[in-house]
$ cat final.cif   # mmCIF, C-alpha atoms
data_upload
#
loop_
_atom_site.group_PDB
_atom_site.id
_atom_site.type_symbol
_atom_site.label_atom_id
_atom_site.label_comp_id
_atom_site.auth_asym_id
_atom_site.auth_seq_id
_atom_site.Cartn_x
_atom_site.Cartn_y
_atom_site.Cartn_z
ATOM 1 C CA MET A 1 110.677 180.535 136.606
ATOM 2 C CA GLU A 2 112.931 183.261 137.989
ATOM 3 C CA ILE A 3 116.682 182.824 137.432
ATOM 4 C CA GLN A 4 119.092 184.761 139.629
ATOM 5 C CA LYS A 5 122.776 184.770 138.665
ATOM 6 C CA GLU A 6 123.784 186.690 141.766
ATOM 7 C CA LEU A 7 122.971 186.182 145.448
ATOM 8 C CA VAL A 8 120.135 188.691 145.486
ATOM 9 C CA ARG A 9 118.303 189.055 148.808
ATOM 10 C CA SER A 10 114.868 187.439 148.723
ATOM 11 C CA ARG A 11 111.925 189.395 150.102
ATOM 12 C CA GLU A 12 109.874 186.195 150.256
ATOM 13 C CA ALA A 13 110.664 183.278 152.541
ATOM 14 C CA THR A 14 111.962 180.249 150.638
ATOM 15 C CA SER A 15 112.243 176.491 150.742
ATOM 16 C CA VAL A 16 115.553 175.876 149.014
ATOM 17 C CA ALA A 17 117.329 172.766 147.695
ATOM 18 C CA LEU A 18 121.139 172.910 147.707
ATOM 19 C CA GLY A 19 123.437 171.101 145.265
ATOM 20 C CA TYR A 20 125.213 171.055 141.934
ATOM 21 C CA PHE A 21 122.615 168.572 140.659
ATOM 22 C CA ASP A 22 124.501 167.393 137.575
ATOM 23 C CA GLY A 23 122.146 165.162 135.634
ATOM 24 C CA LEU A 24 119.175 165.725 137.916
ATOM 25 C CA HIS A 25 119.095 161.991 138.636
ATOM 26 C CA ARG A 26 116.584 160.214 140.860
ATOM 27 C CA GLY A 27 118.412 161.186 144.047
ATOM 28 C CA HIS A 28 118.586 164.843 143.030
ATOM 29 C CA ARG A 29 114.917 164.872 142.071
ATOM 30 C CA ALA A 30 113.979 163.519 145.484
ATOM 31 C CA VAL A 31 115.886 166.350 147.199
ATOM 32 C CA ILE A 32 114.391 169.036 144.959
ATOM 33 C CA GLY A 33 110.926 167.498 145.069
ATOM 34 C CA GLU A 34 110.958 167.674 148.868
ATOM 35 C CA ALA A 35 111.869 171.362 148.773
ATOM 36 C CA VAL A 36 109.101 172.053 146.256
ATOM 37 C CA GLU A 37 106.489 170.110 148.229
ATOM 38 C CA ASN A 38 107.494 171.816 151.459
ATOM 39 C CA GLY A 39 107.348 175.198 149.783
ATOM 40 C CA ILE A 40 103.865 174.625 148.445
ATOM 41 C CA ARG A 41 102.636 173.222 151.763
ATOM 42 C CA CYS A 42 104.094 176.035 153.884
ATOM 43 C CA GLY A 43 103.575 178.985 151.544
ATOM 44 C CA LEU A 44 107.288 179.361 150.743
ATOM 45 C CA VAL A 45 108.939 180.036 147.385
ATOM 46 C CA PRO A 46 110.337 176.695 146.087
ATOM 47 C CA ALA A 47 113.933 177.476 145.132
ATOM 48 C CA VAL A 48 117.157 175.766 144.063
ATOM 49 C CA PHE A 49 120.702 176.920 144.709
ATOM 50 C CA THR A 50 123.101 175.489 142.128
ATOM 51 C CA LEU A 51 126.302 176.350 140.282
ATOM 52 C CA LYS A 52 127.274 177.331 136.744
ATOM 53 C CA GLN A 53 130.216 174.925 136.797
ATOM 54 C CA SER A 54 131.380 171.932 138.788
ATOM 55 C CA PRO A 55 133.667 172.843 141.700
ATOM 56 C CA ARG A 56 136.094 170.220 140.371
ATOM 57 C CA VAL A 57 136.627 172.266 137.218
ATOM 58 C CA ILE A 58 137.726 175.258 139.295
ATOM 59 C CA LEU A 59 139.502 173.570 142.189
ATOM 60 C CA ARG A 60 141.181 170.660 140.386
ATOM 61 C CA GLY A 61 141.389 171.894 136.815
ATOM 62 C CA GLU A 62 139.382 168.932 135.559
ATOM 63 C CA LYS A 63 137.682 168.994 132.184
ATOM 64 C CA SER A 64 133.959 169.603 132.354
ATOM 65 C CA ASN A 65 132.046 166.358 131.857
ATOM 66 C CA ASN A 66 128.489 167.208 132.747
ATOM 67 C CA ILE A 67 125.579 164.886 132.074
ATOM 68 C CA ILE A 68 123.178 167.600 130.884
ATOM 69 C CA THR A 69 123.523 171.186 129.697
ATOM 70 C CA ILE A 70 122.615 174.116 131.942
ATOM 71 C CA GLU A 71 119.722 174.874 129.581
ATOM 72 C CA GLU A 72 118.239 171.407 130.002
ATOM 73 C CA LYS A 73 118.790 171.534 133.757
ATOM 74 C CA LEU A 74 116.796 174.745 133.983
ATOM 75 C CA GLU A 75 114.007 173.340 131.814
ATOM 76 C CA LEU A 76 113.721 170.252 134.017
ATOM 77 C CA LEU A 77 113.733 172.320 137.218
ATOM 78 C CA GLU A 78 110.871 174.437 135.922
ATOM 79 C CA LYS A 79 108.870 171.319 135.081
ATOM 80 C CA MET A 80 109.427 170.111 138.649
ATOM 81 C CA GLY A 81 107.719 173.203 140.040
ATOM 82 C CA VAL A 82 110.799 175.200 141.057
ATOM 83 C CA GLN A 83 109.952 178.896 141.023
ATOM 84 C CA ARG A 84 113.403 180.396 141.555
ATOM 85 C CA VAL A 85 116.912 179.218 140.683
ATOM 86 C CA TYR A 86 120.090 180.763 142.047
ATOM 87 C CA LEU A 87 122.593 179.886 139.294
ATOM 88 C CA ILE A 88 125.874 181.070 140.771
ATOM 89 C CA ASP A 89 129.462 181.183 139.492
ATOM 90 C CA PHE A 90 131.409 178.962 141.883
ATOM 91 C CA THR A 91 134.421 181.282 141.837
ATOM 92 C CA THR A 92 132.376 183.939 143.662
ATOM 93 C CA ILE A 93 131.613 181.708 146.659
ATOM 94 C CA LYS A 94 134.447 179.171 146.810
ATOM 95 C CA ASP A 95 136.218 180.914 149.703
ATOM 96 C CA ILE A 96 133.141 181.454 151.879
ATOM 97 C CA THR A 97 133.363 179.504 155.144
ATOM 98 C CA ALA A 98 130.640 177.058 156.096
ATOM 99 C CA GLU A 99 129.451 179.347 158.893
ATOM 100 C CA SER A 100 129.339 182.352 156.578
ATOM 101 C CA PHE A 101 127.460 180.379 153.926
ATOM 102 C CA VAL A 102 124.693 179.596 156.403
ATOM 103 C CA ARG A 103 124.561 183.070 157.957
ATOM 104 C CA ASP A 104 125.141 185.274 154.918
ATOM 105 C CA VAL A 105 123.656 183.180 152.126
ATOM 106 C CA ILE A 106 121.019 180.787 153.448
ATOM 107 C CA VAL A 107 119.679 183.162 156.101
ATOM 108 C CA ASP A 108 120.409 186.645 154.734
ATOM 109 C CA ARG A 109 120.118 186.097 150.981
ATOM 110 C CA PHE A 110 117.739 183.178 150.563
ATOM 111 C CA ASN A 111 115.546 184.129 153.529
ATOM 112 C CA ALA A 112 115.191 180.362 153.925
ATOM 113 C CA ARG A 113 112.767 178.696 156.288
ATOM 114 C CA HIS A 114 113.540 175.209 155.053
ATOM 115 C CA VAL A 115 116.593 173.649 153.385
ATOM 116 C CA SER A 116 116.874 170.348 151.521
ATOM 117 C CA CYS A 117 120.090 168.550 150.517
ATOM 118 C CA GLY A 118 121.501 165.136 149.639
ATOM 119 C CA PHE A 119 122.999 162.649 152.090
ATOM 120 C CA ASN A 120 126.542 163.524 150.963
ATOM 121 C CA TYR A 121 126.188 167.286 150.604
ATOM 122 C CA HIS A 122 129.198 169.430 151.561
ATOM 123 C CA PHE A 123 129.538 173.196 151.549
ATOM 124 C CA GLY A 124 131.855 176.040 152.508
ATOM 125 C CA ALA A 125 135.540 176.571 151.735
ATOM 126 C CA GLY A 126 137.347 173.261 151.458
ATOM 127 C CA ALA A 127 133.958 171.498 151.602
ATOM 128 C CA ALA A 128 134.318 171.693 155.385
ATOM 129 C CA GLY A 129 130.588 171.623 156.116
ATOM 130 C CA SER A 130 128.538 168.411 155.978
ATOM 131 C CA GLY A 131 124.812 167.808 156.114
ATOM 132 C CA GLU A 132 125.114 167.278 159.858
ATOM 133 C CA HIS A 133 126.873 170.634 160.246
ATOM 134 C CA LEU A 134 124.213 172.265 158.104
ATOM 135 C CA GLU A 135 121.438 170.967 160.299
ATOM 136 C CA GLY A 136 123.117 172.176 163.477
ATOM 137 C CA MET A 137 123.903 175.645 162.107
ATOM 138 C CA CYS A 138 120.458 176.159 160.580
ATOM 139 C CA ARG A 139 118.742 175.147 163.808
ATOM 140 C CA GLN A 140 120.183 178.287 165.428
ATOM 141 C CA TYR A 141 118.145 180.363 162.980
ATOM 142 C CA GLY A 142 114.960 178.319 163.216
ATOM 143 C CA ILE A 143 115.513 176.754 159.789
ATOM 144 C CA THR A 144 114.524 173.127 159.297
ATOM 145 C CA VAL A 145 116.821 170.861 157.260
ATOM 146 C CA TYR A 146 115.908 167.757 155.294
ATOM 147 C CA ALA A 147 118.845 165.543 154.324
ATOM 148 C CA LYS A 148 117.642 162.918 151.873
ATOM 149 C CA LYS A 149 118.886 159.404 152.529
ATOM 150 C CA ARG A 150 120.685 157.760 149.648
ATOM 151 C CA ILE A 151 118.693 156.170 146.853
ATOM 152 C CA GLU A 152 120.207 152.997 145.478
ATOM 153 C CA SER A 153 120.404 151.198 142.175
ATOM 154 C CA GLY A 154 121.953 147.755 142.169
ATOM 155 C CA SER A 155 122.702 147.990 145.938
ATOM 156 C CA LEU A 156 124.915 151.089 145.405
ATOM 157 C CA PRO A 157 124.010 154.770 145.818
ATOM 158 C CA ILE A 158 122.880 156.537 142.689
ATOM 159 C CA SER A 159 125.420 159.200 141.820
ATOM 160 C CA SER A 160 126.439 161.398 138.914
ATOM 161 C CA THR A 161 129.825 159.629 138.927
ATOM 162 C CA ARG A 162 128.181 156.223 138.397
ATOM 163 C CA ILE A 163 125.968 157.622 135.652
ATOM 164 C CA ARG A 164 128.956 159.156 133.860
ATOM 165 C CA GLY A 165 130.697 155.788 134.063
ATOM 166 C CA CYS A 166 127.728 154.095 132.398
ATOM 167 C CA ILE A 167 127.638 156.716 129.643
ATOM 168 C CA VAL A 168 131.372 156.350 128.941
ATOM 169 C CA ARG A 169 130.949 152.564 128.695
ATOM 170 C CA GLY A 170 127.918 152.899 126.442
ATOM 171 C CA ASP A 171 125.605 151.310 129.013
ATOM 172 C CA ILE A 172 122.751 153.654 128.190
ATOM 173 C CA PRO A 173 119.920 151.603 129.814
ATOM 174 C CA SER A 174 121.688 151.692 133.204
ATOM 175 C CA ALA A 175 122.343 155.427 132.918
ATOM 176 C CA SER A 176 118.681 156.017 132.099
ATOM 177 C CA GLU A 177 117.525 153.862 135.006
ATOM 178 C CA MET A 178 119.531 155.935 137.490
ATOM 179 C CA LEU A 179 118.501 159.216 135.873
ATOM 180 C CA GLY A 180 114.847 158.276 136.116
ATOM 181 C CA ARG A 181 114.330 159.330 132.494
ATOM 182 C CA THR A 182 115.820 158.387 129.138
ATOM 183 C CA TYR A 183 119.323 159.747 128.630
ATOM 184 C CA GLY A 184 119.836 162.000 125.647
ATOM 185 C CA PHE A 185 120.071 165.536 124.335
ATOM 186 C CA SER A 186 117.848 168.509 123.550
ATOM 187 C CA LEU A 187 119.847 170.574 121.073
ATOM 188 C CA PRO A 188 119.301 172.757 118.001
ATOM 189 C CA VAL A 189 119.508 171.177 114.568
ATOM 190 C CA VAL A 190 122.393 172.535 112.479
ATOM 191 C CA HIS A 191 123.149 172.406 108.773
ATOM 192 C CA GLY A 192 125.221 169.474 107.577
ATOM 193 C CA ARG A 193 126.634 168.557 104.173
ATOM 194 C CA GLN A 194 123.296 166.933 103.173
ATOM 195 C CA LEU A 195 125.040 163.759 102.022
ATOM 196 C CA GLY A 196 122.386 161.647 103.717
ATOM 197 C CA ARG A 197 119.716 163.264 101.576
ATOM 198 C CA SER A 198 121.690 162.393 98.438
ATOM 199 C CA ILE A 199 121.366 158.671 99.279
ATOM 200 C CA GLY A 200 117.734 158.821 100.364
ATOM 201 C CA ILE A 201 118.474 158.961 104.101
ATOM 202 C CA PRO A 202 117.924 162.566 105.234
ATOM 203 C CA THR A 203 119.350 163.134 108.704
ATOM 204 C CA ILE A 204 119.327 165.857 111.331
ATOM 205 C CA ASN A 205 122.650 167.034 112.729
ATOM 206 C CA GLN A 206 123.349 168.393 116.207
ATOM 207 C CA MET A 207 126.749 169.433 117.535
ATOM 208 C CA PHE A 208 127.785 167.556 120.673
ATOM 209 C CA PRO A 209 128.398 170.081 123.503
ATOM 210 C CA GLU A 210 132.031 170.111 124.636
ATOM 211 C CA GLU A 211 131.046 170.376 128.309
ATOM 212 C CA LEU A 212 129.173 167.058 128.318
ATOM 213 C CA VAL A 213 130.488 163.570 128.974
ATOM 214 C CA CYS A 214 130.487 161.739 125.644
ATOM 215 C CA PRO A 215 129.237 158.203 124.991
ATOM 216 C CA PRO A 216 131.395 155.887 122.867
ATOM 217 C CA PHE A 217 131.373 156.819 119.195
ATOM 218 C CA GLY A 218 128.856 154.578 117.501
ATOM 219 C CA VAL A 219 125.283 153.966 116.426
ATOM 220 C CA TYR A 220 122.350 153.956 118.848
ATOM 221 C CA ALA A 221 118.645 153.259 118.672
ATOM 222 C CA SER A 222 116.899 156.464 119.690
ATOM 223 C CA ARG A 223 113.533 158.069 120.377
ATOM 224 C CA VAL A 224 113.102 161.478 118.798
ATOM 225 C CA CYS A 225 110.430 164.024 119.688
ATOM 226 C CA VAL A 226 109.293 166.400 116.943
ATOM 227 C CA ASN A 227 106.367 168.725 117.664
ATOM 228 C CA GLY A 228 105.126 166.462 120.446
ATOM 229 C CA LYS A 229 105.205 163.312 118.308
ATOM 230 C CA TYR A 230 107.721 160.506 118.806
ATOM 231 C CA TYR A 231 109.723 158.716 116.129
ATOM 232 C CA CYS A 232 112.148 155.821 116.061
ATOM 233 C CA GLY A 233 115.613 157.083 115.262
ATOM 234 C CA VAL A 234 119.023 155.756 114.254
ATOM 235 C CA THR A 235 121.598 158.024 115.862
ATOM 236 C CA ASN A 236 125.312 158.110 115.124
ATOM 237 C CA ILE A 237 127.565 159.908 117.592
ATOM 238 C CA GLY A 238 131.084 160.578 116.392
ATOM 239 C CA VAL A 239 133.157 162.207 113.711
ATOM 240 C CA LYS A 240 131.559 160.507 110.684
ATOM 241 C CA PRO A 241 134.762 158.820 109.447
ATOM 242 C CA THR A 242 133.310 157.924 106.048
ATOM 243 C CA VAL A 243 132.539 161.528 105.060
ATOM 244 C CA GLY A 244 134.268 163.569 107.782
ATOM 245 C CA SER A 245 133.095 166.270 110.184
ATOM 246 C CA ASP A 246 134.499 169.320 111.955
ATOM 247 C CA GLY A 247 133.729 167.985 115.430
ATOM 248 C CA VAL A 248 131.690 165.458 117.348
ATOM 249 C CA VAL A 249 128.260 165.303 115.741
ATOM 250 C CA ILE A 250 124.973 163.696 116.739
ATOM 251 C CA GLU A 251 123.437 162.591 113.433
ATOM 252 C CA THR A 252 119.971 161.023 113.438
ATOM 253 C CA TRP A 253 117.815 159.443 110.766
ATOM 254 C CA MET A 254 114.103 158.970 111.442
ATOM 255 C CA PRO A 255 112.902 156.425 108.854
ATOM 256 C CA ASP A 256 109.210 157.245 109.435
ATOM 257 C CA TYR A 257 109.500 161.030 109.604
ATOM 258 C CA LYS A 258 108.165 162.867 106.546
ATOM 259 C CA GLY A 259 107.789 166.357 107.983
ATOM 260 C CA ARG A 260 109.393 169.726 107.378
ATOM 261 C CA GLU A 261 113.011 170.726 107.817
ATOM 262 C CA LEU A 262 114.073 171.239 111.446
ATOM 263 C CA TYR A 263 117.085 173.535 111.014
ATOM 264 C CA GLY A 264 117.535 175.841 113.988
ATOM 265 C CA GLU A 265 114.882 174.066 116.059
ATOM 266 C CA LYS A 266 115.726 172.423 119.355
ATOM 267 C CA THR A 267 115.004 168.721 118.914
ATOM 268 C CA ASP A 268 114.958 166.097 121.646
ATOM 269 C CA VAL A 269 116.924 162.901 120.913
ATOM 270 C CA ARG A 270 116.919 160.174 123.593
ATOM 271 C CA LEU A 271 119.294 157.224 123.267
ATOM 272 C CA LEU A 272 117.818 153.804 123.960
ATOM 273 C CA LYS A 273 120.588 151.275 123.381
ATOM 274 C CA ALA A 274 123.879 150.924 121.526
ATOM 275 C CA ILE A 275 123.778 149.043 118.206
ATOM 276 C CA ARG A 276 127.391 149.085 116.999
ATOM 277 C CA GLU A 277 130.635 151.033 117.051
ATOM 278 C CA GLU A 278 131.298 153.839 114.592
ATOM 279 C CA LYS A 279 132.916 152.481 111.430
ATOM 280 C CA LYS A 280 134.494 153.873 108.297
ATOM 281 C CA PHE A 281 132.961 152.507 105.094
ATOM 282 C CA SER A 282 134.409 152.378 101.609
ATOM 283 C CA GLY A 283 131.752 154.701 100.194
ATOM 284 C CA LEU A 284 128.246 156.110 100.474
ATOM 285 C CA SER A 285 126.610 152.961 99.061
ATOM 286 C CA GLN A 286 128.107 150.753 101.759
ATOM 287 C CA LEU A 287 127.248 153.389 104.370
ATOM 288 C CA LYS A 288 123.608 153.438 103.215
ATOM 289 C CA ASP A 289 123.348 149.652 103.488
ATOM 290 C CA ALA A 290 124.732 149.792 107.023
ATOM 291 C CA ILE A 291 122.312 152.521 108.094
ATOM 292 C CA ILE A 292 119.321 150.617 106.715
ATOM 293 C CA SER A 293 120.473 147.518 108.596
ATOM 294 C CA ASP A 294 120.912 149.635 111.739
ATOM 295 C CA SER A 295 117.387 150.990 111.320
ATOM 296 C CA GLU A 296 115.894 147.502 111.471
ATOM 297 C CA LYS A 297 117.694 146.831 114.737
ATOM 298 C CA ALA A 298 116.635 150.239 116.050
ATOM 299 C CA LYS A 299 112.991 149.501 115.246
ATOM 300 C CA ASP A 300 113.154 146.211 117.141
ATOM 301 C CA ILE A 301 114.585 147.991 120.188
ATOM 302 C CA TYR A 302 112.051 150.808 119.922
ATOM 303 C CA GLN A 303 109.113 148.421 119.593
ATOM 304 C CA SER A 304 110.213 146.441 122.646
ATOM 305 C CA LEU A 305 110.265 149.613 124.753
ATOM 306 C CA TYR A 306 107.362 151.560 123.249
ATOM 307 C CA PRO A 307 105.004 149.024 121.629
ATOM 308 C CA GLU A 308 102.075 151.442 121.830
ATOM 309 C CA GLU A 309 103.869 153.886 119.536
ATOM 310 C CA TYR A 310 104.480 151.396 116.722
#
$ encode --input "final.cif" --output "structure tokens"
Amino acid sequence: MEIQKELVRSREATSVALGYFDGLHRGHRAVIGEAVENGIRCGLVPAVFTLKQSPRVILRGEKSNNIITIEEKLELLEKMGVQRVYLIDFTTIKDITAESFVRDVIVDRFNARHVSCGFNYHFGAGAAGSGEHLEGMCRQYGITVYAKKRIESGSLPISSTRIRGCIVRGDIPSASEMLGRTYGFSLPVVHGRQLGRSIGIPTINQMFPEELVCPPFGVYASRVCVNGKYYCGVTNIGVKPTVGSDGVVIETWMPDYKGRELYGEKTDVRLLKAIREEKKFSGLSQLKDAIISDSEKAKDIYQSLYPEEY
């Protein structure tokens, strides 16, 4: 997949999906999927125009609270069949008018023949342009526009805001349902203090990215993928109050994993359901007992969701 970090002029005609696409939830995937399908059907390059950072971070000074990392977003887009991604710094386009965005970007840079967006898509300086404006402006250049109608969950539109709310509350199943895949992280394994190994519970440690929205500190049942094989995991997200840590850490024990060390390797950890809040114990012995108890609950949750794997 080709990644362009500047608005380079395309020699090939494209079918392009427009949006920030934080989380790549079910609504986003419908928009992008339509652009990909149209591209394949019409002989156009399936492309996505997205941003390096949320406009709210730049315009309102809000703290970044993304659902997935840029790296995971790009990996998912490639799996969806996207052939080109325009990953643009928002500061370079924030003052472009809606009319200029269509004329100078969609037409001149993307060489678009078809555009796809969400039902609530806005563009141009001050977010002045709506999907309806986009359709009218693109029609002048012979470009077709597909504005995806909203997709609902629980009678309300699926949105990144709703998903973030579920994550903050620890309602992982609802977040996963709206995402259309199990919520979690694909991050490199880092060295820890190896205290888990000293009590017979070797864990993998991953640093929680500062730009992501964080679930409540606590213990979760998880599904971990190592070399294409899945394992039940017990994952603690937090600051490890019993032994301490230098930041927010994702620490996972896989009771049934007997393989090699995973240091430096990107490992996929998907959260299934919360088990308990993070707690400080009096010592390592009490901590070990708690983790073993957590593992039994995690196995029950895992078996209920993936009985064929147990």
$ resolve_selection --input "final.cif" --expression "the PyMOL selection byres ((chain A and resi 113) around 8)" --output "list of chain:residue names"
A:Ala13, A:Thr14, A:Ser15, A:Leu44, A:Asn111, A:Ala112, A:His114, A:Val115, A:Gly142, A:Ile143, A:Thr144
$ residues_around --input "final.cif" --residues "Lys79 in chain A" --least-positions-apart "2" --cutoff "12 Å" --atoms "only C-alpha atoms" --output "list in words"
Met1, Arg29, Ile32, Gly33, Val36, Glu72, Lys73, Leu74, Glu75, Leu76, Leu77, Gly81, Val82 and Gln83 of chain A
$ residues_around --input "final.cif" --residues "range 181-189 of chain A" --least-positions-apart "3" --cutoff "9 Å" --atoms "all atoms listed in the file" --output "PyMOL selection string"
chain A and resi 25-26+67-69+71-72+167+172-173+175-178+204-209+222+262-272
$ resolve_selection --input "final.cif" --expression "the PyMOL selection byres ((chain A and resi 145) around 12)" --output "ChimeraX atom specification"
/A:15-18,31,34-35,38,102,106,112-119,131-144,146-148
$ residues_near_point --input "final.cif" --point "(129.6, 172.7, 142.2)" --cutoff "12 Å" --atoms "only C-alpha atoms" --output "number ranges by chain"
A: 18-22, 49-60, 64, 66, 87-94, 121-125, 127
$ write_last_selection --input "final.cif" --atoms "C-alpha atoms" --output "PDB file, in the coordinates of the input"
ATOM      1  CA  LEU A  18     121.139 172.910 147.707  1.00  0.00           C
ATOM      2  CA  GLY A  19     123.437 171.101 145.265  1.00  0.00           C
ATOM      3  CA  TYR A  20     125.213 171.055 141.934  1.00  0.00           C
ATOM      4  CA  PHE A  21     122.615 168.572 140.659  1.00  0.00           C
ATOM      5  CA  ASP A  22     124.501 167.393 137.575  1.00  0.00           C
ATOM      6  CA  PHE A  49     120.702 176.920 144.709  1.00  0.00           C
ATOM      7  CA  THR A  50     123.101 175.489 142.128  1.00  0.00           C
ATOM      8  CA  LEU A  51     126.302 176.350 140.282  1.00  0.00           C
ATOM      9  CA  LYS A  52     127.274 177.331 136.744  1.00  0.00           C
ATOM     10  CA  GLN A  53     130.216 174.925 136.797  1.00  0.00           C
ATOM     11  CA  SER A  54     131.380 171.932 138.788  1.00  0.00           C
ATOM     12  CA  PRO A  55     133.667 172.843 141.700  1.00  0.00           C
ATOM     13  CA  ARG A  56     136.094 170.220 140.371  1.00  0.00           C
ATOM     14  CA  VAL A  57     136.627 172.266 137.218  1.00  0.00           C
ATOM     15  CA  ILE A  58     137.726 175.258 139.295  1.00  0.00           C
ATOM     16  CA  LEU A  59     139.502 173.570 142.189  1.00  0.00           C
ATOM     17  CA  ARG A  60     141.181 170.660 140.386  1.00  0.00           C
ATOM     18  CA  SER A  64     133.959 169.603 132.354  1.00  0.00           C
ATOM     19  CA  ASN A  66     128.489 167.208 132.747  1.00  0.00           C
ATOM     20  CA  LEU A  87     122.593 179.886 139.294  1.00  0.00           C
ATOM     21  CA  ILE A  88     125.874 181.070 140.771  1.00  0.00           C
ATOM     22  CA  ASP A  89     129.462 181.183 139.492  1.00  0.00           C
ATOM     23  CA  PHE A  90     131.409 178.962 141.883  1.00  0.00           C
ATOM     24  CA  THR A  91     134.421 181.282 141.837  1.00  0.00           C
ATOM     25  CA  THR A  92     132.376 183.939 143.662  1.00  0.00           C
ATOM     26  CA  ILE A  93     131.613 181.708 146.659  1.00  0.00           C
ATOM     27  CA  LYS A  94     134.447 179.171 146.810  1.00  0.00           C
ATOM     28  CA  TYR A 121     126.188 167.286 150.604  1.00  0.00           C
ATOM     29  CA  HIS A 122     129.198 169.430 151.561  1.00  0.00           C
ATOM     30  CA  PHE A 123     129.538 173.196 151.549  1.00  0.00           C
ATOM     31  CA  GLY A 124     131.855 176.040 152.508  1.00  0.00           C
ATOM     32  CA  ALA A 125     135.540 176.571 151.735  1.00  0.00           C
ATOM     33  CA  ALA A 127     133.958 171.498 151.602  1.00  0.00           C
TER      34      ALA A 127
END
$ residues_near_point --input "final.cif" --point "(120.4, 185.8, 136.5)" --cutoff "10 Å" --atoms "only C-alpha atoms" --output "number ranges by chain"
A: 2-8, 85-88
$ atom_distance --input "final.cif" --atom1 "CA of Asn120 in chain A" --atom2 "CA of Arg103 in chain A"
20.9 Å
$ resolve_selection --input "final.cif" --expression "the PyMOL selection byres ((chain A and resi 248-258) around 10)" --output "VMD selection string"
chain A and resid 185 187 189 to 190 192 196 201 to 210 214 217 to 224 226 229 to 240 245 to 247 259 to 261 269 291 to 292 295 to 296 299
$ closest_residue --input "final.cif" --among "A:Arg84, A:Val48, A:Gly200, A:Phe101" --to "Asp289 in chain A" --atoms "all atoms listed in the file"
A:Gly200
$ atom_distance --input "final.cif" --atom1 "CA of Leu24 in chain A" --atom2 "CA of Met80 in chain A"
10.7 Å
$ closest_residue --input "final.cif" --among "A:Gly39, A:Pro46, A:Gly180, A:Gly129" --to "Ile151 in chain A" --atoms "all atoms listed in the file"
A:Gly180
$ atom_distance --input "final.cif" --atom1 "CA of Arg164 in chain A" --atom2 "CA of Glu278 in chain A"
20.1 Å
